[in-house]
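Trainee: final-v5.cif is reproduced below (mmCIF, N, CA and C atoms and all ligand atoms).
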data_my_file
loop_
_atom_site.group_PDB
_atom_site.id
_atom_site.type_symbol
_atom_site.label_atom_id
_atom_site.label_comp_id
_atom_site.auth_asym_id
_atom_site.auth_seq_id
_atom_site.Cartn_x
_atom_site.Cartn_y
_atom_site.Cartn_z
ATOM 1 N N MET A 1 77.770 -38.800 9.472
ATOM 2 C CA MET A 1 76.396 -38.733 9.979
ATOM 3 C C MET A 1 75.689 -37.475 9.492
ATOM 4 N N ASP A 2 76.381 -36.318 9.648
ATOM 5 C CA ASP A 2 75.759 -35.056 9.286
ATOM 6 C C ASP A 2 76.320 -34.545 7.964
ATOM 7 N N SER A 3 76.304 -35.385 6.944
ATOM 8 C CA SER A 3 76.884 -35.010 5.657
ATOM 9 C C SER A 3 75.962 -34.039 4.919
ATOM 10 N N PRO A 4 76.545 -33.093 4.179
ATOM 11 C CA PRO A 4 75.740 -32.110 3.437
ATOM 12 C C PRO A 4 74.900 -32.766 2.347
ATOM 13 N N ALA A 5 75.310 -33.917 1.849
ATOM 14 C CA ALA A 5 74.572 -34.586 0.781
ATOM 15 C C ALA A 5 73.151 -34.928 1.218
ATOM 16 N N ALA A 6 72.951 -35.112 2.514
ATOM 17 C CA ALA A 6 71.632 -35.477 3.016
ATOM 18 C C ALA A 6 70.615 -34.376 2.747
ATOM 19 N N HIS A 7 71.122 -33.143 2.541
ATOM 20 C CA HIS A 7 70.204 -32.025 2.373
ATOM 21 C C HIS A 7 69.623 -31.958 0.969
ATOM 22 N N ASP A 8 70.311 -32.577 -0.006
ATOM 23 C CA ASP A 8 69.732 -32.564 -1.351
ATOM 24 C C ASP A 8 69.619 -33.979 -1.906
ATOM 25 N N ALA A 9 69.135 -34.844 -1.089
ATOM 26 C CA ALA A 9 68.907 -36.216 -1.524
ATOM 27 C C ALA A 9 67.922 -36.196 -2.690
ATOM 28 N N PRO A 10 68.226 -36.957 -3.751
ATOM 29 C CA PRO A 10 67.366 -36.928 -4.944
ATOM 30 C C PRO A 10 65.964 -37.474 -4.690
ATOM 31 N N GLU A 11 65.837 -38.369 -3.729
ATOM 32 C CA GLU A 11 64.524 -38.964 -3.495
ATOM 33 C C GLU A 11 63.826 -38.294 -2.333
ATOM 34 N N SER A 12 62.748 -37.586 -2.619
ATOM 35 C CA SER A 12 61.949 -37.010 -1.551
ATOM 36 C C SER A 12 60.909 -38.058 -1.137
ATOM 37 N N PRO A 13 60.380 -37.941 0.058
ATOM 38 C CA PRO A 13 59.383 -38.934 0.525
ATOM 39 C C PRO A 13 58.184 -39.041 -0.407
ATOM 40 N N THR A 14 57.846 -37.960 -1.118
ATOM 41 C CA THR A 14 56.641 -37.976 -1.953
ATOM 42 C C THR A 14 56.783 -38.932 -3.133
ATOM 43 N N THR A 15 58.019 -39.127 -3.647
ATOM 44 C CA THR A 15 58.183 -39.984 -4.818
ATOM 45 C C THR A 15 57.800 -41.421 -4.484
ATOM 46 N N THR A 16 58.010 -41.818 -3.233
ATOM 47 C CA THR A 16 57.696 -43.198 -2.869
ATOM 48 C C THR A 16 56.194 -43.423 -2.758
ATOM 49 N N ASP A 17 55.415 -42.338 -2.775
ATOM 50 C CA ASP A 17 53.958 -42.460 -2.668
ATOM 51 C C ASP A 17 53.283 -42.684 -4.016
ATOM 52 N N HIS A 18 54.067 -42.606 -5.095
ATOM 53 C CA HIS A 18 53.447 -42.683 -6.417
ATOM 54 C C HIS A 18 52.679 -43.977 -6.642
ATOM 55 N N ALA A 19 53.222 -45.094 -6.172
ATOM 56 C CA ALA A 19 52.523 -46.371 -6.352
ATOM 57 C C ALA A 19 51.165 -46.327 -5.659
ATOM 58 N N GLY A 20 51.148 -45.736 -4.478
ATOM 59 C CA GLY A 20 49.893 -45.635 -3.747
ATOM 60 C C GLY A 20 48.916 -44.725 -4.455
ATOM 61 N N LEU A 21 49.439 -43.597 -4.979
ATOM 62 C CA LEU A 21 48.568 -42.676 -5.711
ATOM 63 C C LEU A 21 47.989 -43.341 -6.946
ATOM 64 N N LEU A 22 48.835 -44.127 -7.633
ATOM 65 C CA LEU A 22 48.385 -44.809 -8.832
ATOM 66 C C LEU A 22 47.290 -45.824 -8.494
ATOM 67 N N ALA A 23 47.498 -46.544 -7.410
ATOM 68 C CA ALA A 23 46.487 -47.514 -6.987
ATOM 69 C C ALA A 23 45.184 -46.806 -6.647
ATOM 70 N N ASP A 24 45.294 -45.644 -5.980
ATOM 71 C CA ASP A 24 44.108 -44.858 -5.656
ATOM 72 C C ASP A 24 43.386 -44.434 -6.923
ATOM 73 N N ALA A 25 44.149 -43.964 -7.911
ATOM 74 C CA ALA A 25 43.559 -43.490 -9.164
ATOM 75 C C ALA A 25 42.875 -44.642 -9.890
ATOM 76 N N GLU A 26 43.512 -45.810 -9.869
ATOM 77 C CA GLU A 26 42.913 -46.967 -10.542
ATOM 78 C C GLU A 26 41.630 -47.395 -9.839
ATOM 79 N N ALA A 27 41.643 -47.354 -8.517
ATOM 80 C CA ALA A 27 40.444 -47.715 -7.765
ATOM 81 C C ALA A 27 39.321 -46.740 -8.081
ATOM 82 N N GLU A 28 39.679 -45.448 -8.215
ATOM 83 C CA GLU A 28 38.664 -44.441 -8.512
ATOM 84 C C GLU A 28 38.105 -44.644 -9.922
ATOM 85 N N LEU A 29 38.991 -44.971 -10.872
ATOM 86 C CA LEU A 29 38.544 -45.243 -12.232
ATOM 87 C C LEU A 29 37.565 -46.412 -12.254
ATOM 88 N N THR A 30 37.893 -47.450 -11.508
ATOM 89 C CA THR A 30 37.011 -48.612 -11.424
ATOM 90 C C THR A 30 35.665 -48.206 -10.850
ATOM 91 N N ALA A 31 35.692 -47.368 -9.816
ATOM 92 C CA ALA A 31 34.445 -46.922 -9.195
ATOM 93 C C ALA A 31 33.628 -46.101 -10.177
ATOM 94 N N ILE A 32 34.309 -45.251 -10.964
ATOM 95 C CA ILE A 32 33.595 -44.426 -11.947
ATOM 96 C C ILE A 32 32.980 -45.319 -13.028
ATOM 97 N N ASN A 33 33.746 -46.309 -13.493
ATOM 98 C CA ASN A 33 33.208 -47.222 -14.501
ATOM 99 C C ASN A 33 32.001 -47.982 -13.965
ATOM 100 N N ASP A 34 32.101 -48.423 -12.702
ATOM 101 C CA ASP A 34 30.970 -49.102 -12.071
ATOM 102 C C ASP A 34 29.748 -48.189 -12.048
ATOM 103 N N ALA A 35 29.983 -46.910 -11.681
ATOM 104 C CA ALA A 35 28.879 -45.960 -11.607
ATOM 105 C C ALA A 35 28.243 -45.773 -12.984
ATOM 106 N N LEU A 36 29.088 -45.724 -14.025
ATOM 107 C CA LEU A 36 28.558 -45.560 -15.387
ATOM 108 C C LEU A 36 27.711 -46.766 -15.777
ATOM 109 N N HIS A 37 28.154 -47.961 -15.406
ATOM 110 C CA HIS A 37 27.370 -49.168 -15.699
ATOM 111 C C HIS A 37 26.036 -49.116 -14.971
ATOM 112 N N ARG A 38 26.071 -48.607 -13.736
ATOM 113 C CA ARG A 38 24.827 -48.536 -12.968
ATOM 114 C C ARG A 38 23.900 -47.466 -13.545
ATOM 115 N N LEU A 39 24.483 -46.407 -14.132
ATOM 116 C CA LEU A 39 23.658 -45.412 -14.834
ATOM 117 C C LEU A 39 22.929 -46.084 -15.989
ATOM 118 N N ASP A 40 23.651 -46.977 -16.679
ATOM 119 C CA ASP A 40 23.080 -47.685 -17.833
ATOM 120 C C ASP A 40 21.902 -48.555 -17.429
ATOM 121 N N ASP A 41 22.040 -49.281 -16.322
ATOM 122 C CA ASP A 41 20.966 -50.219 -15.966
ATOM 123 C C ASP A 41 20.046 -49.645 -14.881
ATOM 124 N N ASP A 42 20.127 -48.317 -14.685
ATOM 125 C CA ASP A 42 19.165 -47.629 -13.816
ATOM 126 C C ASP A 42 19.311 -47.945 -12.346
ATOM 127 N N SER A 43 20.420 -48.573 -11.946
ATOM 128 C CA SER A 43 20.584 -48.829 -10.519
ATOM 129 C C SER A 43 21.436 -47.759 -9.869
ATOM 130 N N TYR A 44 21.884 -46.773 -10.679
ATOM 131 C CA TYR A 44 22.678 -45.688 -10.089
ATOM 132 C C TYR A 44 21.818 -44.894 -9.121
ATOM 133 N N GLY A 45 22.414 -44.533 -7.977
ATOM 134 C CA GLY A 45 21.690 -43.741 -6.997
ATOM 135 C C GLY A 45 20.899 -44.598 -6.028
ATOM 136 N N ARG A 46 21.030 -45.927 -6.195
ATOM 137 C CA ARG A 46 20.369 -46.834 -5.261
ATOM 138 C C ARG A 46 21.422 -47.500 -4.390
ATOM 139 N N CYS A 47 21.047 -47.744 -3.148
ATOM 140 C CA CYS A 47 21.939 -48.385 -2.199
ATOM 141 C C CYS A 47 22.185 -49.834 -2.629
ATOM 142 N N LEU A 48 23.451 -50.223 -2.675
ATOM 143 C CA LEU A 48 23.783 -51.592 -3.057
ATOM 144 C C LEU A 48 23.343 -52.585 -1.997
ATOM 145 N N SER A 49 23.201 -52.125 -0.765
ATOM 146 C CA SER A 49 22.870 -53.037 0.329
ATOM 147 C C SER A 49 21.374 -53.265 0.451
ATOM 148 N N CYS A 50 20.579 -52.172 0.437
ATOM 149 C CA CYS A 50 19.149 -52.325 0.705
ATOM 150 C C CYS A 50 18.281 -51.935 -0.495
ATOM 151 N N GLY A 51 18.882 -51.319 -1.537
ATOM 152 C CA GLY A 51 18.120 -50.988 -2.735
ATOM 153 C C GLY A 51 17.326 -49.708 -2.633
ATOM 154 N N GLU A 52 17.408 -49.053 -1.479
ATOM 155 C CA GLU A 52 16.702 -47.782 -1.328
ATOM 156 C C GLU A 52 17.413 -46.697 -2.121
ATOM 157 N N LEU A 53 16.669 -45.669 -2.543
ATOM 158 C CA LEU A 53 17.287 -44.526 -3.205
ATOM 159 C C LEU A 53 18.204 -43.811 -2.219
ATOM 160 N N ILE A 54 19.389 -43.449 -2.715
ATOM 161 C CA ILE A 54 20.350 -42.719 -1.885
ATOM 162 C C ILE A 54 19.989 -41.239 -1.922
ATOM 163 N N ALA A 55 20.045 -40.587 -0.763
ATOM 164 C CA ALA A 55 19.701 -39.169 -0.664
ATOM 165 C C ALA A 55 20.524 -38.350 -1.648
ATOM 166 N N GLU A 56 19.854 -37.392 -2.299
ATOM 167 C CA GLU A 56 20.530 -36.571 -3.305
ATOM 168 C C GLU A 56 21.719 -35.813 -2.716
ATOM 169 N N SER A 57 21.556 -35.366 -1.477
ATOM 170 C CA SER A 57 22.638 -34.606 -0.837
ATOM 171 C C SER A 57 23.880 -35.478 -0.688
ATOM 172 N N LEU A 58 23.646 -36.778 -0.450
ATOM 173 C CA LEU A 58 24.770 -37.706 -0.309
ATOM 174 C C LEU A 58 25.446 -37.924 -1.662
ATOM 175 N N LEU A 59 24.641 -38.042 -2.719
ATOM 176 C CA LEU A 59 25.189 -38.230 -4.065
ATOM 177 C C LEU A 59 25.937 -36.982 -4.533
ATOM 178 N N GLU A 60 25.458 -35.818 -4.088
ATOM 179 C CA GLU A 60 26.160 -34.590 -4.460
ATOM 180 C C GLU A 60 27.507 -34.515 -3.760
ATOM 181 N N ALA A 61 27.533 -34.972 -2.516
ATOM 182 C CA ALA A 61 28.785 -34.943 -1.765
ATOM 183 C C ALA A 61 29.767 -35.958 -2.336
ATOM 184 N N ASP A 62 29.255 -37.135 -2.737
ATOM 185 C CA ASP A 62 30.110 -38.175 -3.302
ATOM 186 C C ASP A 62 29.328 -38.935 -4.360
ATOM 187 N N PRO A 63 29.492 -38.554 -5.634
ATOM 188 C CA PRO A 63 28.705 -39.176 -6.724
ATOM 189 C C PRO A 63 28.941 -40.678 -6.843
ATOM 190 N N LEU A 64 29.996 -41.183 -6.231
ATOM 191 C CA LEU A 64 30.303 -42.612 -6.355
ATOM 192 C C LEU A 64 29.846 -43.397 -5.133
ATOM 193 N N VAL A 65 29.093 -42.742 -4.262
ATOM 194 C CA VAL A 65 28.648 -43.411 -3.036
ATOM 195 C C VAL A 65 27.797 -44.629 -3.389
ATOM 196 N N LEU A 66 27.974 -45.726 -2.641
ATOM 197 C CA LEU A 66 27.313 -46.991 -2.966
ATOM 198 C C LEU A 66 26.237 -47.366 -1.964
ATOM 199 N N SER A 67 26.194 -46.693 -0.831
ATOM 200 C CA SER A 67 25.249 -47.061 0.215
ATOM 201 C C SER A 67 24.450 -45.860 0.675
ATOM 202 N N CYS A 68 23.215 -46.106 1.097
ATOM 203 C CA CYS A 68 22.428 -45.043 1.691
ATOM 204 C C CYS A 68 23.005 -44.700 3.058
ATOM 205 N N ILE A 69 22.493 -43.607 3.641
ATOM 206 C CA ILE A 69 23.042 -43.145 4.914
ATOM 207 C C ILE A 69 22.940 -44.233 5.976
ATOM 208 N N ALA A 70 21.802 -44.915 6.024
ATOM 209 C CA ALA A 70 21.579 -45.918 7.057
ATOM 210 C C ALA A 70 22.581 -47.063 6.940
ATOM 211 N N CYS A 71 22.778 -47.559 5.684
ATOM 212 C CA CYS A 71 23.700 -48.678 5.486
ATOM 213 C C CYS A 71 25.147 -48.233 5.685
ATOM 214 N N ALA A 72 25.478 -47.009 5.233
ATOM 215 C CA ALA A 72 26.835 -46.506 5.421
ATOM 216 C C ALA A 72 27.135 -46.408 6.908
ATOM 217 N N ALA A 73 26.151 -45.970 7.685
ATOM 218 C CA ALA A 73 26.345 -45.847 9.124
ATOM 219 C C ALA A 73 26.490 -47.231 9.752
ATOM 220 N N ALA A 74 25.700 -48.181 9.246
ATOM 221 C CA ALA A 74 25.753 -49.527 9.805
ATOM 222 C C ALA A 74 27.093 -50.204 9.515
ATOM 223 N N HIS A 75 27.680 -49.856 8.359
ATOM 224 C CA HIS A 75 28.924 -50.507 7.949
ATOM 225 C C HIS A 75 30.168 -49.725 8.375
ATOM 226 N N ALA A 76 29.963 -48.501 8.855
ATOM 227 C CA ALA A 76 31.106 -47.673 9.252
ATOM 228 C C ALA A 76 31.785 -48.290 10.468
ATOM 229 N N PRO A 77 33.112 -48.237 10.479
ATOM 230 C CA PRO A 77 33.820 -48.733 11.652
ATOM 231 C C PRO A 77 33.477 -47.911 12.884
ATOM 232 N N ALA A 78 33.266 -48.552 13.995
ATOM 233 C CA ALA A 78 32.832 -47.879 15.207
ATOM 234 C C ALA A 78 33.877 -46.875 15.691
HETATM 235 ZN ZN ZN B 1 20.910 -48.948 2.290
#
Step by step, read the file and then write its structure as structure tokens.
Ligand SMILES: [Zn+2]

Mentor:
Amino acid sequence: MDSPAAHDAPESPTTTDHAGLLADAEAELTAINDALHRLDDDSYGRCLSCGELIAESLLEADPLVLSCIACAAAHAPA
């Protein structure tokens, strides 16, 4: 039960998170590509839900934001 081998187990908990990190990175890449496409067609910085311009402060905080403050608040989990 209390074997010394347990103290230097080759697999740390962080290694098992790599798949999740990779999925996160891929999702972020997709979001960045989407943002670049929206830059191309001039819809970048507009809310996907209502079409209003997204506040600059919000875009500075998260350049990949897709919704204005009002829509983000409406869609946020209670
Ligand atoms: Zn909106």

Trainee: Could you state which residues are captured by the PyMOL selection byres (((chain A and resi 71-78) around 7) and not hetatm) in this file, as a list of chain:residue names?

Mentor: A:Ser49, A:Cys50, A:Ser67, A:Cys68, A:Ile69, A:Ala70

Trainee: Neighbours of range 42-45 of chain A within 10 Å (only C-alpha atoms; same-chain residues fewer than 3 positions away dropped), as a list of chain:residue names?

Mentor: A:Asp34, A:Ala35, A:Leu36, A:His37, A:Arg38, A:Leu39, A:Leu48, A:Gly51, A:Glu52, A:Leu53, A:Ile54, A:Ala55, A:Glu56, A:Leu58, A:Leu59, A:Pro63, A:Leu64, A:Val65, A:Leu66, A:Ser67, A:Cys68

Trainee: Name the closest residue to ligand ZN 1 (chain B) among the candidates A:Asp17, A:Asp41, A:Arg46, A:Ala25; distances are taken between atoms, counting all atoms listed in the file.

Mentor: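 Counting all atoms listed in the file, the residue closest to ligand ZN 1 (chain B) is A:Arg46.
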
Trainee: Could you tell me how far CA of Glu60 in chain A lies from atom N of Cys47 in chain A, in Å and to one decimal?

Mentor: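 If I compute the distance from CA of Glu60 in chain A to atom N of Cys47 in chain A, I get 14.2 Å.
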
Trainee: Can you tell me how far atom ZN of ligand ZN 1 (chain B) sits from CA of Asp62 in chain A, in Å to one decimal?

Mentor: 15.2 Å

Trainee: Kindly compute an axis-aligned box around the listed atoms of range 54-58 of chain A, allowing 8 Å on each side, and express its centre and edge lengths in Å to one decimal as JSON.

Mentor:
{"center_x": 22.4, "center_y": -39.0, "center_z": -1.8, "size_x": 22.1, "size_y": 24.8, "size_z": 19.0}

Trainee: Mind giving me the straight-line distance from atom C of Thr30 in chain A to atom C of Ala61 in chain A in Å, one decimal?

Mentor: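 So the two atoms, atom C of Thr30 in chain A and atom C of Ala61 in chain A, lie 16.0 Å apart.
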